[in-house]
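> Okay, handing you the structure first.
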Amino acid sequence: MNIENNQEIKSRDDYLFDELEITGQGRRLVAVRKFIDKMAEESGFNETDKFDIKVAVGEACANAIEHGSPRGKRDKVRITFIFEADYAIIEVIDEGVFKPRFPSFDSQLNYRGRGIPFMLALMDEVEIKERKGGTTVKLIKKKN
Amino acid sequence: MDLKIAVEEKDDAMVLRLDGEVDVYTAPKLKSRLIDLVDQGKFKIVVDLEKVAFMDSSGLGVLVGGLKRVRSHDGSISLICSQENILKIFRITGLVKIFPIFDNEGQALESV
(Lines give C-alpha, C1' and ligand atoms only; values in the text may rest on other atoms or scores of the structure.)
Protein backbone atom coordinates (compact mmCIF):
# COMPACT_ATOMS: atom_id res chain seq x y z
CA MET A 1 0.00 0.00 0.00
CA ASN A 2 1.44 3.35 -0.96
CA ILE A 3 1.37 5.90 1.83
CA GLU A 4 1.85 8.78 -0.58
CA ASN A 5 -1.77 8.37 -1.57
CA ASN A 6 -4.18 10.19 0.63
CA GLN A 7 -6.01 6.98 1.32
CA GLU A 8 -9.27 6.73 3.18
CA ILE A 9 -8.96 5.06 6.56
CA LYS A 10 -11.01 1.89 6.67
CA SER A 11 -13.51 1.37 9.41
CA ARG A 12 -15.49 -1.57 10.71
CA ASP A 13 -18.35 -0.38 12.87
CA ASP A 14 -16.54 0.41 16.11
CA TYR A 15 -12.87 0.56 15.19
CA LEU A 16 -10.49 1.89 12.57
CA PHE A 17 -7.81 -0.26 11.01
CA ASP A 18 -5.24 0.20 8.30
CA GLU A 19 -1.68 -0.63 7.39
CA LEU A 20 1.31 1.06 5.82
CA GLU A 21 4.45 -0.25 4.26
CA ILE A 22 7.71 1.68 4.31
CA THR A 23 11.20 0.90 3.09
CA GLY A 24 14.45 1.56 4.90
CA GLN A 25 14.36 5.34 4.74
CA GLY A 26 14.06 7.54 7.81
CA ARG A 27 12.27 10.20 5.80
CA ARG A 28 9.14 8.06 5.55
CA LEU A 29 8.66 8.38 9.32
CA VAL A 30 7.12 11.81 8.71
CA ALA A 31 4.36 10.12 6.74
CA VAL A 32 3.90 7.52 9.49
CA ARG A 33 3.46 10.26 12.09
CA LYS A 34 0.94 12.10 9.90
CA PHE A 35 -0.97 8.86 9.51
CA ILE A 36 -1.03 8.31 13.30
CA ASP A 37 -2.23 11.89 13.81
CA LYS A 38 -5.10 11.30 11.42
CA MET A 39 -6.21 7.95 12.85
CA ALA A 40 -5.82 9.01 16.49
CA GLU A 41 -7.70 12.22 15.82
CA GLU A 42 -10.61 10.32 14.26
CA SER A 43 -10.63 7.93 17.22
CA GLY A 44 -10.70 10.72 19.82
CA PHE A 45 -7.22 10.30 21.35
CA ASN A 46 -5.90 13.44 23.05
CA GLU A 47 -2.72 15.33 22.08
CA THR A 48 -0.60 13.67 24.78
CA ASP A 49 -1.66 10.17 23.68
CA LYS A 50 -0.96 11.10 20.06
CA PHE A 51 2.52 12.34 20.93
CA ASP A 52 3.27 9.19 22.96
CA ILE A 53 2.11 6.89 20.15
CA LYS A 54 4.12 8.82 17.56
CA VAL A 55 7.34 8.64 19.61
CA ALA A 56 6.92 4.93 20.45
CA VAL A 57 5.99 3.88 16.90
CA GLY A 58 8.78 6.07 15.53
CA GLU A 59 11.31 4.31 17.78
CA ALA A 60 10.02 0.89 16.72
CA CYS A 61 10.19 1.89 13.04
CA ALA A 62 13.69 3.35 13.43
CA ASN A 63 14.82 0.05 15.03
CA ALA A 64 13.15 -1.88 12.21
CA ILE A 65 14.84 0.25 9.57
CA GLU A 66 18.25 0.08 11.26
CA HIS A 67 18.30 -3.59 12.28
CA GLY A 68 15.34 -5.19 10.60
CA SER A 69 16.19 -4.32 7.04
CA PRO A 70 19.35 -6.30 6.24
CA ARG A 71 18.81 -5.81 2.51
CA GLY A 72 18.28 -2.06 2.82
CA LYS A 73 15.57 -0.59 0.63
CA ARG A 74 14.58 -4.03 -0.64
CA ASP A 75 13.27 -4.85 2.84
CA LYS A 76 9.88 -3.58 3.84
CA VAL A 77 8.64 -2.56 7.25
CA ARG A 78 4.92 -3.11 7.63
CA ILE A 79 2.94 -1.18 10.22
CA THR A 80 -0.59 -2.19 11.14
CA PHE A 81 -2.90 0.10 13.07
CA ILE A 82 -6.07 -0.72 14.97
CA PHE A 83 -7.75 2.18 16.77
CA GLU A 84 -10.61 1.05 18.99
CA ALA A 85 -12.81 3.21 21.20
CA ASP A 86 -10.54 2.81 24.25
CA TYR A 87 -7.17 1.77 22.95
CA ALA A 88 -4.85 1.56 19.97
CA ILE A 89 -2.81 -1.45 18.87
CA ILE A 90 0.09 -0.86 16.50
CA GLU A 91 2.36 -3.57 15.17
CA VAL A 92 5.69 -2.86 13.46
CA ILE A 93 6.74 -5.89 11.44
CA ASP A 94 10.19 -6.16 9.90
CA GLU A 95 12.26 -8.71 8.02
CA GLY A 96 15.40 -8.79 10.15
CA VAL A 97 16.86 -10.00 13.42
CA PHE A 98 15.86 -8.05 16.52
CA LYS A 99 18.73 -6.51 18.45
CA PRO A 100 17.58 -5.27 21.82
CA ARG A 101 19.50 -2.22 22.91
CA PHE A 102 19.18 -0.80 26.36
CA PRO A 103 21.20 2.10 27.66
CA SER A 104 23.93 0.99 30.01
CA PHE A 105 23.58 2.09 33.60
CA ASP A 106 27.15 3.27 33.97
CA SER A 107 26.61 6.57 32.25
CA GLN A 108 23.65 8.75 31.41
CA LEU A 109 25.76 10.14 28.62
CA ASN A 110 25.47 6.82 26.83
CA TYR A 111 22.75 7.92 24.46
CA ARG A 112 22.29 4.90 22.23
CA GLY A 113 19.57 2.38 22.83
CA ARG A 114 16.86 4.54 24.30
CA GLY A 115 14.23 3.30 21.87
CA ILE A 116 12.94 0.41 23.95
CA PRO A 117 12.83 2.35 27.25
CA PHE A 118 10.83 4.98 25.37
CA MET A 119 8.33 2.41 24.13
CA LEU A 120 7.98 0.91 27.62
CA ALA A 121 7.52 4.32 29.25
CA LEU A 122 5.05 5.73 26.75
CA MET A 123 2.86 2.72 25.96
CA ASP A 124 0.72 0.54 28.19
CA GLU A 125 1.97 -2.72 26.73
CA VAL A 126 4.99 -3.62 24.60
CA GLU A 127 5.51 -7.08 23.17
CA ILE A 128 8.48 -8.08 21.01
CA LYS A 129 7.99 -11.29 19.07
CA GLU A 130 10.73 -12.87 17.03
CA ARG A 131 9.69 -15.17 14.24
CA LYS A 132 11.43 -16.82 11.34
CA GLY A 133 12.38 -14.07 8.93
CA GLY A 134 11.64 -11.08 11.08
CA THR A 135 10.53 -9.36 14.25
CA THR A 136 7.17 -7.92 15.30
CA VAL A 137 6.90 -5.15 17.90
CA LYS A 138 3.37 -4.82 19.24
CA LEU A 139 2.48 -1.58 21.02
CA ILE A 140 -0.76 -0.98 22.91
CA LYS A 141 -1.89 2.43 24.16
CA LYS A 142 -5.00 2.94 26.28
CA LYS A 143 -6.93 6.15 25.72
CA ASN A 144 -6.44 8.70 28.53
CA MET B 1 7.70 18.65 8.61
CA ASP B 2 11.36 19.52 8.32
CA LEU B 3 13.65 21.07 10.91
CA LYS B 4 14.74 24.70 10.70
CA ILE B 5 17.67 25.88 12.80
CA ALA B 6 18.44 29.56 13.37
CA VAL B 7 21.67 30.47 15.14
CA GLU B 8 22.08 33.74 17.03
CA GLU B 9 24.95 35.00 19.16
CA LYS B 10 23.69 36.49 22.38
CA ASP B 11 25.86 37.78 25.20
CA ASP B 12 28.76 35.34 24.88
CA ALA B 13 26.58 32.32 24.09
CA MET B 14 25.19 30.83 20.90
CA VAL B 15 21.44 30.32 20.79
CA LEU B 16 20.09 27.63 18.45
CA ARG B 17 16.39 28.04 17.77
CA LEU B 18 14.84 24.85 16.47
CA ASP B 19 11.56 24.91 14.57
CA GLY B 20 9.99 21.65 13.40
CA GLU B 21 10.55 17.97 14.10
CA VAL B 22 13.75 16.32 15.36
CA ASP B 23 13.82 12.68 14.30
CA VAL B 24 16.20 10.13 12.83
CA TYR B 25 16.01 11.98 9.51
CA THR B 26 16.50 15.58 10.71
CA ALA B 27 18.77 14.97 13.74
CA PRO B 28 21.97 14.88 11.60
CA LYS B 29 21.27 18.51 10.64
CA LEU B 30 21.29 19.50 14.31
CA LYS B 31 24.40 17.40 14.89
CA SER B 32 26.33 19.17 12.15
CA ARG B 33 25.30 22.61 13.49
CA LEU B 34 26.52 21.70 16.96
CA ILE B 35 29.80 20.35 15.56
CA ASP B 36 30.25 23.55 13.52
CA LEU B 37 29.84 25.68 16.65
CA VAL B 38 32.38 23.64 18.60
CA ASP B 39 34.79 23.83 15.65
CA GLN B 40 34.38 27.62 15.75
CA GLY B 41 35.33 27.63 19.43
CA LYS B 42 31.79 28.26 20.68
CA PHE B 43 31.29 26.18 23.80
CA LYS B 44 28.43 28.01 25.54
CA ILE B 45 25.26 26.92 23.83
CA VAL B 46 21.55 27.40 24.47
CA VAL B 47 19.11 25.26 22.47
CA ASP B 48 15.59 26.67 22.24
CA LEU B 49 13.08 23.79 21.89
CA GLU B 50 9.92 25.87 22.24
CA LYS B 51 8.95 25.39 18.58
CA VAL B 52 9.84 21.71 18.41
CA ALA B 53 6.72 19.71 17.61
CA PHE B 54 8.34 16.26 17.89
CA MET B 55 11.57 14.80 19.23
CA ASP B 56 12.67 11.17 19.52
CA SER B 57 15.73 9.39 20.87
CA SER B 58 17.85 10.36 17.88
CA GLY B 59 17.29 14.03 18.78
CA LEU B 60 18.24 13.37 22.38
CA GLY B 61 21.30 11.48 21.21
CA VAL B 62 22.50 14.45 19.19
CA LEU B 63 22.02 16.82 22.15
CA VAL B 64 23.93 14.45 24.44
CA GLY B 65 26.68 14.14 21.81
CA GLY B 66 26.86 17.94 21.64
CA LEU B 67 27.05 18.17 25.42
CA LYS B 68 30.00 15.75 25.48
CA ARG B 69 31.80 17.89 22.91
CA VAL B 70 31.33 21.22 24.72
CA ARG B 71 32.10 19.73 28.12
CA SER B 72 35.49 18.63 26.87
CA HIS B 73 36.16 22.37 26.42
CA ASP B 74 34.60 23.32 29.77
CA GLY B 75 31.47 24.50 27.98
CA SER B 76 27.81 23.75 28.56
CA ILE B 77 24.45 23.34 26.86
CA SER B 78 21.24 24.65 28.43
CA LEU B 79 17.79 24.10 27.01
CA ILE B 80 14.70 26.27 26.76
CA CYS B 81 11.58 24.14 26.94
CA SER B 82 8.19 24.51 28.57
CA GLN B 83 6.30 21.98 26.45
CA GLU B 84 5.14 19.09 28.58
CA ASN B 85 5.41 16.47 25.82
CA ILE B 86 9.01 17.34 25.05
CA LEU B 87 9.94 17.64 28.74
CA LYS B 88 8.49 14.17 29.26
CA ILE B 89 11.04 12.53 26.97
CA PHE B 90 13.86 14.19 28.90
CA ARG B 91 12.34 12.91 32.14
CA ILE B 92 11.89 9.35 30.87
CA THR B 93 15.57 9.15 29.98
CA GLY B 94 16.82 10.88 33.12
CA LEU B 95 18.31 13.65 31.00
CA VAL B 96 16.62 16.33 33.13
CA LYS B 97 19.51 15.70 35.52
CA ILE B 98 22.08 16.24 32.79
CA PHE B 99 20.72 19.29 30.96
CA PRO B 100 19.73 22.49 32.77
CA ILE B 101 16.23 23.21 31.37
CA PHE B 102 14.54 26.61 31.63
CA ASP B 103 11.24 28.02 30.48
CA ASN B 104 12.76 31.34 29.38
CA GLU B 105 15.78 32.53 27.46
CA GLY B 106 17.07 34.92 30.12
CA GLN B 107 17.65 32.20 32.69
CA ALA B 108 19.05 29.81 30.10
CA LEU B 109 21.62 32.42 28.99
CA GLU B 110 22.62 33.14 32.57
CA SER B 111 23.20 29.43 33.19
CA VAL B 112 25.78 28.79 30.45
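Here, A, B, ... name the chains of the C-alpha coordinates in the order displayed, residue numbers run from 1 inside each chain, and ligands are numbered from 1 in the same displayed order.
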Contacts from chain B to chain A, 10 Å maximum, only C-alpha atoms: show me the residue list as a PyMOL selection string.
chain B and resi 1-2+21+23-26+53-65+67-68+84-86+88-89+92-95+97-98
> Taking only chain B into account, list the residues labelled strand (DSSP E or B) by DSSP (computed from the backbone), as a tab-separated table (two decimals) with N, CA and C atoms, in the first residue's frame.

```
chain	number	residue	atom	x	y	z
B	3	LEU	N	13.10	20.37	9.75
B	3	LEU	CA	13.65	21.07	10.91
B	3	LEU	C	14.40	22.30	10.44
B	4	LYS	N	14.00	23.46	10.99
B	4	LYS	CA	14.74	24.70	10.70
B	4	LYS	C	15.57	25.05	11.92
B	5	ILE	N	16.79	25.51	11.68
B	5	ILE	CA	17.67	25.88	12.80
B	5	ILE	C	18.21	27.28	12.54
B	6	ALA	N	17.89	28.20	13.46
B	6	ALA	CA	18.44	29.56	13.37
B	6	ALA	C	19.48	29.71	14.48
B	7	VAL	N	20.61	30.30	14.15
B	7	VAL	CA	21.67	30.47	15.14
B	7	VAL	C	21.87	31.96	15.40
B	8	GLU	N	21.91	32.33	16.67
B	8	GLU	CA	22.08	33.74	17.03
B	8	GLU	C	23.08	33.84	18.17
B	9	GLU	N	24.00	34.79	18.06
B	9	GLU	CA	24.95	35.00	19.16
B	9	GLU	C	24.35	36.00	20.13
B	10	LYS	N	24.31	35.62	21.38
B	10	LYS	CA	23.69	36.49	22.38
B	10	LYS	C	24.54	36.47	23.64
B	13	ALA	N	27.07	33.68	24.39
B	13	ALA	CA	26.58	32.32	24.09
B	13	ALA	C	25.98	32.25	22.69
B	14	MET	N	25.86	31.04	22.18
B	14	MET	CA	25.19	30.83	20.90
B	14	MET	C	23.82	30.23	21.19
B	15	VAL	N	22.80	30.83	20.60
B	15	VAL	CA	21.44	30.32	20.79
B	15	VAL	C	20.99	29.65	19.50
B	16	LEU	N	20.63	28.37	19.60
B	16	LEU	CA	20.09	27.63	18.45
B	16	LEU	C	18.59	27.53	18.62
B	17	ARG	N	17.86	28.13	17.69
B	17	ARG	CA	16.39	28.04	17.77
B	17	ARG	C	15.92	27.00	16.78
B	18	LEU	N	15.31	25.95	17.32
B	18	LEU	CA	14.84	24.85	16.47
B	18	LEU	C	13.35	25.04	16.19
B	19	ASP	N	12.97	24.78	14.96
B	19	ASP	CA	11.56	24.91	14.57
B	19	ASP	C	11.22	23.71	13.69
B	20	GLY	N	10.38	22.81	14.20
B	20	GLY	CA	9.99	21.65	13.40
B	20	GLY	C	10.11	20.35	14.18
B	21	GLU	N	10.49	19.29	13.48
B	21	GLU	CA	10.55	17.97	14.10
B	21	GLU	C	11.99	17.44	14.11
B	22	VAL	N	12.40	16.90	15.25
B	22	VAL	CA	13.75	16.32	15.36
B	22	VAL	C	13.60	14.81	15.42
B	44	LYS	N	29.58	27.69	24.69
B	44	LYS	CA	28.43	28.01	25.54
B	44	LYS	C	27.21	28.05	24.63
B	45	ILE	N	26.36	27.07	24.78
B	45	ILE	CA	25.26	26.92	23.83
B	45	ILE	C	23.91	26.81	24.54
B	46	VAL	N	22.93	27.51	23.99
B	46	VAL	CA	21.55	27.40	24.47
B	46	VAL	C	20.72	26.86	23.29
B	47	VAL	N	19.96	25.81	23.53
B	47	VAL	CA	19.11	25.26	22.47
B	47	VAL	C	17.65	25.53	22.85
B	48	ASP	N	16.98	26.29	21.99
B	48	ASP	CA	15.59	26.67	22.24
B	48	ASP	C	14.67	25.63	21.57
B	49	LEU	N	13.93	24.88	22.40
B	49	LEU	CA	13.08	23.79	21.89
B	49	LEU	C	11.60	24.18	21.88
B	50	GLU	N	11.32	25.47	22.10
B	50	GLU	CA	9.92	25.87	22.24
B	50	GLU	C	9.08	25.62	20.99
B	51	LYS	N	9.70	25.62	19.82
B	51	LYS	CA	8.95	25.39	18.58
B	51	LYS	C	9.17	23.99	18.01
B	52	VAL	N	9.65	23.09	18.86
B	52	VAL	CA	9.84	21.71	18.41
B	52	VAL	C	8.53	20.93	18.62
B	53	ALA	N	8.00	20.41	17.54
B	53	ALA	CA	6.72	19.71	17.61
B	53	ALA	C	6.89	18.23	17.94
B	54	PHE	N	8.10	17.69	17.69
B	54	PHE	CA	8.34	16.26	17.89
B	54	PHE	C	9.82	16.03	18.11
B	55	MET	N	10.16	15.18	19.07
B	55	MET	CA	11.57	14.80	19.23
B	55	MET	C	11.64	13.36	19.71
B	76	SER	N	29.06	24.34	28.09
B	76	SER	CA	27.81	23.75	28.56
B	76	SER	C	26.69	23.97	27.55
B	77	ILE	N	25.66	23.16	27.68
B	77	ILE	CA	24.45	23.34	26.86
B	77	ILE	C	23.27	23.43	27.81
B	78	SER	N	22.51	24.53	27.69
B	78	SER	CA	21.24	24.65	28.43
B	78	SER	C	20.10	24.63	27.42
B	79	LEU	N	18.95	24.21	27.90
B	79	LEU	CA	17.79	24.10	27.01
B	79	LEU	C	16.69	25.04	27.45
B	80	ILE	N	15.93	25.53	26.46
B	80	ILE	CA	14.70	26.27	26.76
B	80	ILE	C	13.54	25.38	26.32
B	101	ILE	N	17.36	22.87	32.25
B	101	ILE	CA	16.23	23.21	31.37
B	101	ILE	C	15.47	24.38	31.97
B	102	PHE	N	15.21	25.40	31.16
B	102	PHE	CA	14.54	26.61	31.63
B	102	PHE	C	13.34	26.90	30.75
```
> Which residue out of B:Gln107, B:Asp11, B:Val112, B:Gly66 has the minimum interatomic distance to Ser32 (chain B) when only C-alpha atoms are used?
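Closest residue, counting only C-alpha atoms: B:Gly66.
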> To one decimal in Å, tell me the separation between CA of Glu21 (chain A) and CA of Gly72 (chain A).
14.0 Å
